[in-house]
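Below you'll find the structure, written out as structure tokens, and then a few comments.
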2 protein chains.
Amino acid sequence: MARKFNYPTWSALSLDRGNSMPLHVQVFDQIRQAIVQGRISKSSRLPPTRQLAAELAVSRNTIVQVYERLLAEGYVSGRVGAGTYIASVLPEERHPPKEALPTAPPSPAATGSVSRRAQAVRPLRLPSERSGSLDLSPTVPALDQLPFDQFAKVSAHYWRSAPAADLGYGGSQGLPDLRRQIASYLGEAHGVPCLAEQVLVVSGTTQGFMLAAHVLTDHGDQVIVEDPGYVTRHAALIGAGAELVHVPIDLDGLDSSRFDGYAPGAKMVIASPTNQFPFGSTMPLERRLSLLQWAQTRDAWVIEYDFNNAFHFGGRPLPPLAALDRSGRVVYIGNFNRSISPALNIAYAIVPPGLIDAFARAHQIFSFHASVPTQGVVADFMESGQLAAHIRRMGSRYRERAHLLVHCLKTLAGSAFELSTTGAGLHLSAVAKTPIDDLAVSQTLLQHRIDVPAMSSYCMTDPVRTGFVFGFGNTPAERIAPAIRLFSDAVSTHSEAPIRDRAKGAVSA
Amino acid sequence: MARKFNYPTWSALSLDRGNSMPLHVQVFDQIRQAIVQGRISKSSRLPPTRQLAAELAVSRNTIVQVYERLLAEGYVSGRVGAGTYIASVLPEERHPPKEALPTAPPSPAATGSVSRRAQAVRPLRLPSERSGSLDLSPTVPALDQLPFDQFAKVSAHYWRSAPAADLGYGGSQGLPDLRRQIASYLGEAHGVPCLAEQVLVVSGTTQGFMLAAHVLTDHGDQVIVEDPGYVTRHAALIGAGAELVHVPIDLDGLDSSRFDGYAPGAKMVIASPTNQFPFGSTMPLERRLSLLQWAQTRDAWVIEYDFNNAFHFGGRPLPPLAALDRSGRVVYIGNFNRSISPALNIAYAIVPPGLIDAFARAHQIFSFHASVPTQGVVADFMESGQLAAHIRRMGSRYRERAHLLVHCLKTLAGSAFELSTTGAGLHLSAVAKTPIDDLAVSQTLLQHRIDVPAMSSYCMTDPVRTGFVFGFGNTPAERIAPAIRLFSDAVSTHSEAPIRDRAKGAVSA
């Protein structure tokens with residue numbers, strides 16, 4: 001028979017053994033309440049575990065468990081066994097008052113204390129966030145033409161049929177179905193000799209870039225990028241410690257014979273031979289082959305960034321570097337941003353067989369997997385032939401829009417610019433024959449909800465080219481002519497303005 | 001009247017002006033065909049643009065455009081104007097033969113040439129990929145209990161109602177609806193004083209870690225992590241150039257008073273006070289407050305990793321560091337891995353107001369946005385109260401399973417181990433009182449499709465603790481007892497085995 005002890009409150013605890021709630025939880029909850037409601041004063045001491053156990057006729061373990069938790073959650077302090085007292089300040093008292101929440105966030109820390117890399121990207125101007133609703137945006141496909149109903153059906157079907165076990169952590173390389181679909185798409189449509197085993201599904205192109213940098217470069221390695229180029233995308237590699245070397249390009253893209261003049265020890269190059277951004281041009285076969293030659297002889301890597309491999313207007317596209325590569329130096333990165341929508345943020349890397357293990361492992365560690373349901377939906381969308389149909393349907397529409405845009409540009413502003421060919425992609429470029437304050441023009445047009453980025457904003461080296469990048473993907477035919485009219489007005493307004501002090505590398509897309 | 005020239009093939013080109021296909025495309029296609037079919041011999045030269053233009057009665061620009069494209073796509077070589085000849089090797093001839101594809105991928109590159117960081121993570125053992133179908137897996141919720149039909153409905157509704165403009169590039173911080181939901185969830189459920197403006201939606205926890213490292217640390221900065229801890233998650237920071245410092249913890253978690261002994265200059269610490277992995281323990285209030293004090297006085301940052309903020313069994317959870325922080329030193333990272341499913345790979349970072357701009361910018365540059373449709377589905381799932389209902393429903397189920405697991409362990413193997421409390425989370429730990437070859441036991445159990453990771457595999461510093469981590473989230477009640485029986489058998493089989501040469505830091509979850 002247990003000795004009565006002199007803590008009235010404690011003996012008042014009542015347990016319901018029929019209750020599904022474990023005893024230690026019941027005891028904990030009641031003691032906690034008693035403390036919070038002040039029925040147990042803050043100065044008071046917990047009774048010894050043995051005594052309370054006897055008093056409540058439960059195992060001593062149960063009480064020890066309860067005390068450990070009171071301690072863990074801050075209701076008591078001290079050490080179990082060696083005198084445990086009720087905490088002078090209870091967890092509840094630490095909570096900020098609810099009504100204060102919206103008005104009292106933590107005081108801001110000095111932003112000067114952010115990393116050098118975070119400060120390095122501060123001058124970069126970011127894409128206009130609502131580019132989905134601006135005319136002529138260069139990187140957006142026809143969003144209003146997305147097969148919304150088909151996606152509704154496909155996603156509902158995914159959730160109704162997905163095996164529960166697949167909804168844990170995704171595989172290290174992505175959903176096998178999707179990898180098979182991507183492999184056969186690239187093989188058939190682009191002659192890229194690729195097995196599903198070489199496909200790595202990632203959460204967007206940037207993650208693909210980062211992954212390649214993590215696996216193939218170390219901090220301080222030089223990485224060659226195109227200038228003008230996709231400045232914000234390239235900047236991601238700064239996060240991985242890369243030293244970006246901007247090499248000027250012409251309409252034929254990167255010329256590897258010039259690399260030694262810029263970065264003799266370069267470990268990696270990012271090239272977009274299929275459809276350069278911002279130029280919209282294509283790299284000829286000779287340059288492609290010499291680029292591969294360079295990589296092989298220098299033991300360097302080529303990241304082939306093919307952000308548009310869906311739309312080519314007439315003729316057969318040139319084989320991608322990945323299709324020409326015979327020495328396993330090319331990592332091919334593609335996505336569904338143009339063929340479906342950037343919103344899915346699904347991209348893929350095609351990795352040489354000798355590197356796939358290193359990439360798969362690095363993906364698990366450094367980037368983890370992409371949304372599994374989204375992967376399942378895209379896989380189904382491809383497997384059922386709906387993607388191919390969508391690409392065919394949009395291809396002819398985009399051809400019309402491209403043709404119309406070129407026509408309008410030539411009519412309204414042709415003489416002042418050199419237009420890039422529109423053999424592929426959803427954008428084209430117009431380089432000013434005589435320099436112009438393209439940033440000012442671009443700003444003016446934004447006020448009319450027209451998104452025509454300045455060519456100069458993609459240039460990091462001198463001489464800075466000025467001009468503009470036009471997208472025809474997300475702009476209905478009837479809105480193209482009015483937009484270009486506003487463009488040519490803006491151009492004539494600004495063409496006399498001074499163009500000094502242009503912020504180099506201030507990026508607008 | 002144009003002068004006739006002597007290239008019969010060229011004059012045979014016929015244009016259809018009624019055709020919607022632009023003239024330059026028609027001309028290009030016909031010339032390309034003639035070249036590919038050999039009707040124009042490889043030795044031959046393109047006629048001057050002016051002449052062909054006159055012959056076909058099209059503008060000279062059209063022909064220039066065609067020639068530039070023939071050049072760009074590798075059908076001709078030389079320079080436009082200065083004598084352009086048909087290429088001796090056509091793009092078609094560069095394509096690898098189709099039947100060769102599956103058998104002739106690029107020759108593998110030496111994997112020795114991968115980066116030092118890629119080699120550094122090679123020894124880490126990765127989670128068993130199909131953990132979704134293994135019993136007792138510590139990090140997986142009850143996948144078979146997911147509300148599949150509700151998700152089918154919600155996703156279908158998303159696609160039927162999403163505004164097209166939202167399906168471009170996602171906003172730099174994530175879907176506003178989702179950010180509002182997350183902010184109010186954290187405010188109500190955890191007393192985290194957070195505004196939607198402070199919420200950043202990311203593609204998974206690893207991306208959140210990387211982002212924090214990109215913004216708050218530079219290459220070579222010391223980052224303190226828990227030992228034992230989430231070794232693979234921590235390793236991600238190596239990709240960002242962090243020097244990981246593993247600080248031993250007890251069941252109270254990190255003790256900041258010991259930091260100077262390990263990393264006096266540490267710039268960042270990753271702590272999981274709510275529910276430590278692998279221990280499954282909780283950090284008491286005193287340690288939380290002193291950790292915050294440390295960060296404030298050292299101008300350092302705390303990344304609070306709260307991988308389970310949904311399930312607490314009885315009692316009120318302690319306030320997270322983010323709720324106690326008054327100096328804006330805490331970045332709180334949470335996800336839906338336990339409350340919904342890891343497959344969604346949606347996580348969020350709560351950032352101090354003074355840092356949110358730097359984080360949002362860095363997110364755009366270094367990591368980009370998370371799948372917008374997935375964000376929309378989760379937002380709807382929260383807004384409609386379905387998430388709260390799911391958490392309530394699962395909470396009681398998990399409490400049962402936790403209770404049963406503890407009971408079985410105490411009965412079958414209790415004496416040999418110290419069990420962690422099960423106040424929160426979906427896992428608990430059992431530290432062996434006398435060292436045991438836990439890796440061997442873990443391996444044996446995998447053959448029975450039971451995933452009980454070895455405690456030692458989460459230890460990077462001596463003395464290495466041995467023991468096991470048990471999950472009760474994804475294991476139906478009726479399978480718990482049999483699994484623990486197999487576990488105790490395996491333990492007794494191996495308890496005499498030698499435990500030297502255990503690969504330190506070989507991670508199994």
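All residue names refer to the structure tokens as shown: chains lettered A, B, ... in order, residues numbered from 1 in each chain, ligands numbered from 1 in order.
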
Determine which residues of chain A sit within 6 Å of chain B, taking into account only C-alpha atoms, and present them as a ChimeraX atom specification. /A:29,72-74,101,105-109,111,114-115,118,129,132-133,143-144,148,152,156,159,164-165,167-171,193,214-218,232,236,239-240,282,284-285,315,318,326-328,342-345,353-355,365-366,371-372

Counting only C-alpha atoms, what is within 7 Å of Arg449 in chain A, bar same-chain residues fewer than 2 positions away, as a PyMOL selection string? chain A and resi 134-135+445-447+451

Would you give me, as a ChimeraX atom specification, the residues in range 450-499 of chain A that DSSP reads as strand (DSSP E)? /A:467-471

Can you tell me, as a list in words, what residues are no more than 9 Å from Leu254 in chain A when counting only C-alpha atoms, ignoring any on the same chain fewer than 3 positions away?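 My reading of the contact set: Val225, Glu226, Asp227, Val247, Pro248, Ile249, Asp250, Leu251, Ser257, Arg258, Phe259, Ala271, Ser272, Pro273, Met283, Arg287, Arg288 and Leu291 of chain A.
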
Write a file of the selected residues as a PDB file, in the first residue's frame, keeping N, CA and C atoms.
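Okay, this is what ended up in result.pdb:
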ATOM      1  N   VAL A 225      29.818  30.865 -70.796  1.00  0.00           N
ATOM      2  CA  VAL A 225      28.421  31.050 -71.179  1.00  0.00           C
ATOM      3  C   VAL A 225      28.335  32.034 -72.343  1.00  0.00           C
ATOM      4  N   GLU A 226      27.217  31.977 -73.078  1.00  0.00           N
ATOM      5  CA  GLU A 226      27.024  32.821 -74.256  1.00  0.00           C
ATOM      6  C   GLU A 226      26.745  34.266 -73.850  1.00  0.00           C
ATOM      7  N   ASP A 227      27.309  35.212 -74.637  1.00  0.00           N
ATOM      8  CA  ASP A 227      27.016  36.619 -74.428  1.00  0.00           C
ATOM      9  C   ASP A 227      26.711  37.273 -75.761  1.00  0.00           C
ATOM     10  N   VAL A 247      31.453  34.782 -73.070  1.00  0.00           N
ATOM     11  CA  VAL A 247      32.145  34.835 -74.347  1.00  0.00           C
ATOM     12  C   VAL A 247      31.180  35.374 -75.400  1.00  0.00           C
ATOM     13  N   PRO A 248      31.589  36.484 -76.071  1.00  0.00           N
ATOM     14  CA  PRO A 248      30.715  37.076 -77.093  1.00  0.00           C
ATOM     15  C   PRO A 248      30.405  36.078 -78.209  1.00  0.00           C
ATOM     16  N   ILE A 249      29.172  36.117 -78.703  1.00  0.00           N
ATOM     17  CA  ILE A 249      28.782  35.232 -79.801  1.00  0.00           C
ATOM     18  C   ILE A 249      28.288  36.068 -80.974  1.00  0.00           C
ATOM     19  N   ASP A 250      28.289  35.442 -82.167  1.00  0.00           N
ATOM     20  CA  ASP A 250      27.612  36.042 -83.316  1.00  0.00           C
ATOM     21  C   ASP A 250      26.359  35.200 -83.581  1.00  0.00           C
ATOM     22  N   LEU A 251      25.733  35.406 -84.723  1.00  0.00           N
ATOM     23  CA  LEU A 251      24.485  34.675 -85.004  1.00  0.00           C
ATOM     24  C   LEU A 251      24.727  33.179 -85.197  1.00  0.00           C
ATOM     25  N   SER A 257      36.894  28.169 -81.040  1.00  0.00           N
ATOM     26  CA  SER A 257      38.290  28.523 -81.341  1.00  0.00           C
ATOM     27  C   SER A 257      38.696  29.790 -80.579  1.00  0.00           C
ATOM     28  N   ARG A 258      37.717  30.507 -80.017  1.00  0.00           N
ATOM     29  CA  ARG A 258      38.031  31.738 -79.286  1.00  0.00           C
ATOM     30  C   ARG A 258      38.116  31.507 -77.772  1.00  0.00           C
ATOM     31  N   PHE A 259      37.780  30.290 -77.326  1.00  0.00           N
ATOM     32  CA  PHE A 259      37.683  30.041 -75.872  1.00  0.00           C
ATOM     33  C   PHE A 259      38.998  30.335 -75.153  1.00  0.00           C
ATOM     34  N   ALA A 271      25.794  25.881 -73.802  1.00  0.00           N
ATOM     35  CA  ALA A 271      25.512  26.303 -75.167  1.00  0.00           C
ATOM     36  C   ALA A 271      24.076  25.957 -75.533  1.00  0.00           C
ATOM     37  N   SER A 272      23.443  26.848 -76.324  1.00  0.00           N
ATOM     38  CA  SER A 272      22.092  26.551 -76.809  1.00  0.00           C
ATOM     39  C   SER A 272      22.076  26.605 -78.330  1.00  0.00           C
ATOM     40  N   PRO A 273      22.640  25.550 -78.965  1.00  0.00           N
ATOM     41  CA  PRO A 273      22.788  25.551 -80.421  1.00  0.00           C
ATOM     42  C   PRO A 273      21.471  25.484 -81.190  1.00  0.00           C
ATOM     43  N   MET A 283      23.057  27.306 -84.269  1.00  0.00           N
ATOM     44  CA  MET A 283      24.481  27.079 -84.473  1.00  0.00           C
ATOM     45  C   MET A 283      24.693  26.108 -85.631  1.00  0.00           C
ATOM     46  N   ARG A 287      30.363  24.543 -86.306  1.00  0.00           N
ATOM     47  CA  ARG A 287      30.621  25.032 -84.943  1.00  0.00           C
ATOM     48  C   ARG A 287      30.264  23.966 -83.918  1.00  0.00           C
ATOM     49  N   ARG A 288      29.179  23.236 -84.199  1.00  0.00           N
ATOM     50  CA  ARG A 288      28.781  22.189 -83.248  1.00  0.00           C
ATOM     51  C   ARG A 288      29.883  21.148 -83.113  1.00  0.00           C
ATOM     52  N   LEU A 291      32.916  22.457 -81.307  1.00  0.00           N
ATOM     53  CA  LEU A 291      32.647  22.597 -79.870  1.00  0.00           C
ATOM     54  C   LEU A 291      32.823  21.248 -79.173  1.00  0.00           C
TER      55      LEU A 291
END

Using only C-alpha atoms, which residues sit within 8 Å of range 462-470 of chain A once same-chain residues fewer than 4 positions away are excluded, as a list of chain:residue names? A:Leu136, A:Ser137, A:Pro138, A:Pro278, A:Phe279, A:Phe417, A:His427, A:Leu428, A:Ser429, A:Ala430, A:Val431, A:Ala432, A:Pro435, A:Ile436, A:Asp437, A:Asp438, A:Val452, A:Pro453, A:Ala454, A:Met455, A:Ser456

Gap from CA of Val377 in chain B to CA of Gln173 in chain A - Å, one decimal: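 Distance between the two atoms: 24.1 Å.
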
To one decimal place, how far is CA of Gly376 in chain A from CA of Ala183 in chain A in Å? 15.4 Å

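CA of Ala189 in chain A to CA of Ala389 in chain A spans 13.6 Å [interatomic distance, one decimal].
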
Run DSSP on the backbone and grab whatever in range 260-446 of chain A lands in helix (DSSP H, G or I); send it over as number ranges by chain. A: 260-262, 285-298, 321-324, 342-344, 353-367, 372-383, 386-416, 438-446

What lies within 9 Å of Arg397 in chain A using only C-alpha atoms, ignoring chain neighbours under 5 positions off, as a PyMOL selection string? chain A and resi 392+402+473

Limited to N, CA and C atoms, could you put the picked residues into a file as a PDB file, in the first residue's frame?
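So result32.pdb came out as:
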ATOM      1  N   ARG A 392       1.745  19.491 -82.585  1.00  0.00           N
ATOM      2  CA  ARG A 392       1.374  19.660 -83.996  1.00  0.00           C
ATOM      3  C   ARG A 392       0.425  20.846 -84.145  1.00  0.00           C
ATOM      4  N   ALA A 402       4.543  33.766 -86.151  1.00  0.00           N
ATOM      5  CA  ALA A 402       5.920  34.157 -86.476  1.00  0.00           C
ATOM      6  C   ALA A 402       5.939  34.943 -87.781  1.00  0.00           C
ATOM      7  N   GLY A 473       4.753  33.550 -79.094  1.00  0.00           N
ATOM      8  CA  GLY A 473       4.065  32.366 -78.593  1.00  0.00           C
ATOM      9  C   GLY A 473       2.719  32.672 -77.960  1.00  0.00           C
TER      10      GLY A 473
END

Considering only C-alpha atoms, return as an mmCIF file with all heavy atoms, in the first residue's frame whatever protein or nucleic-acid residues lie within 8 Å of range 15-17 of chain B, sequence-local ones (same chain, fewer than 6 positions apart) excluded.
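Final file, result-v7.cif:
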data_model
loop_
_atom_site.group_PDB
_atom_site.id
_atom_site.type_symbol
_atom_site.label_atom_id
_atom_site.label_comp_id
_atom_site.auth_asym_id
_atom_site.auth_seq_id
_atom_site.Cartn_x
_atom_site.Cartn_y
_atom_site.Cartn_z
ATOM 1 N N LEU B 23 6.665 32.294 -98.167
ATOM 2 C CA LEU B 23 7.452 31.989 -99.372
ATOM 3 C C LEU B 23 8.836 31.473 -99.006
ATOM 4 O O LEU B 23 9.318 30.483 -99.545
ATOM 5 C CB LEU B 23 7.571 33.250 -100.250
ATOM 6 C CG LEU B 23 6.273 33.643 -100.977
ATOM 7 C CD1 LEU B 23 6.480 34.928 -101.784
ATOM 8 C CD2 LEU B 23 5.813 32.516 -101.894
ATOM 9 N N GLN B 26 8.681 27.909 -98.221
ATOM 10 C CA GLN B 26 8.470 27.077 -99.422
ATOM 11 C C GLN B 26 9.779 26.907 -100.188
ATOM 12 O O GLN B 26 10.176 25.801 -100.541
ATOM 13 C CB GLN B 26 7.431 27.727 -100.325
ATOM 14 C CG GLN B 26 6.018 27.764 -99.736
ATOM 15 C CD GLN B 26 5.002 28.269 -100.755
ATOM 16 O OE1 GLN B 26 5.002 27.846 -101.916
ATOM 17 N NE2 GLN B 26 4.145 29.199 -100.329
ATOM 18 N N VAL B 27 10.487 28.013 -100.384
ATOM 19 C CA VAL B 27 11.743 27.940 -101.138
ATOM 20 C C VAL B 27 12.744 27.062 -100.388
ATOM 21 O O VAL B 27 13.357 26.160 -100.973
ATOM 22 C CB VAL B 27 12.336 29.364 -101.355
ATOM 23 C CG1 VAL B 27 13.674 29.265 -102.061
ATOM 24 C CG2 VAL B 27 11.360 30.226 -102.138
ATOM 25 N N LEU B 56 12.487 33.766 -109.336
ATOM 26 C CA LEU B 56 11.268 33.311 -108.653
ATOM 27 C C LEU B 56 10.315 34.469 -108.390
ATOM 28 O O LEU B 56 9.242 34.279 -107.803
ATOM 29 C CB LEU B 56 11.644 32.626 -107.341
ATOM 30 C CG LEU B 56 12.599 31.433 -107.453
ATOM 31 C CD1 LEU B 56 12.998 30.936 -106.082
ATOM 32 C CD2 LEU B 56 11.946 30.313 -108.249
#
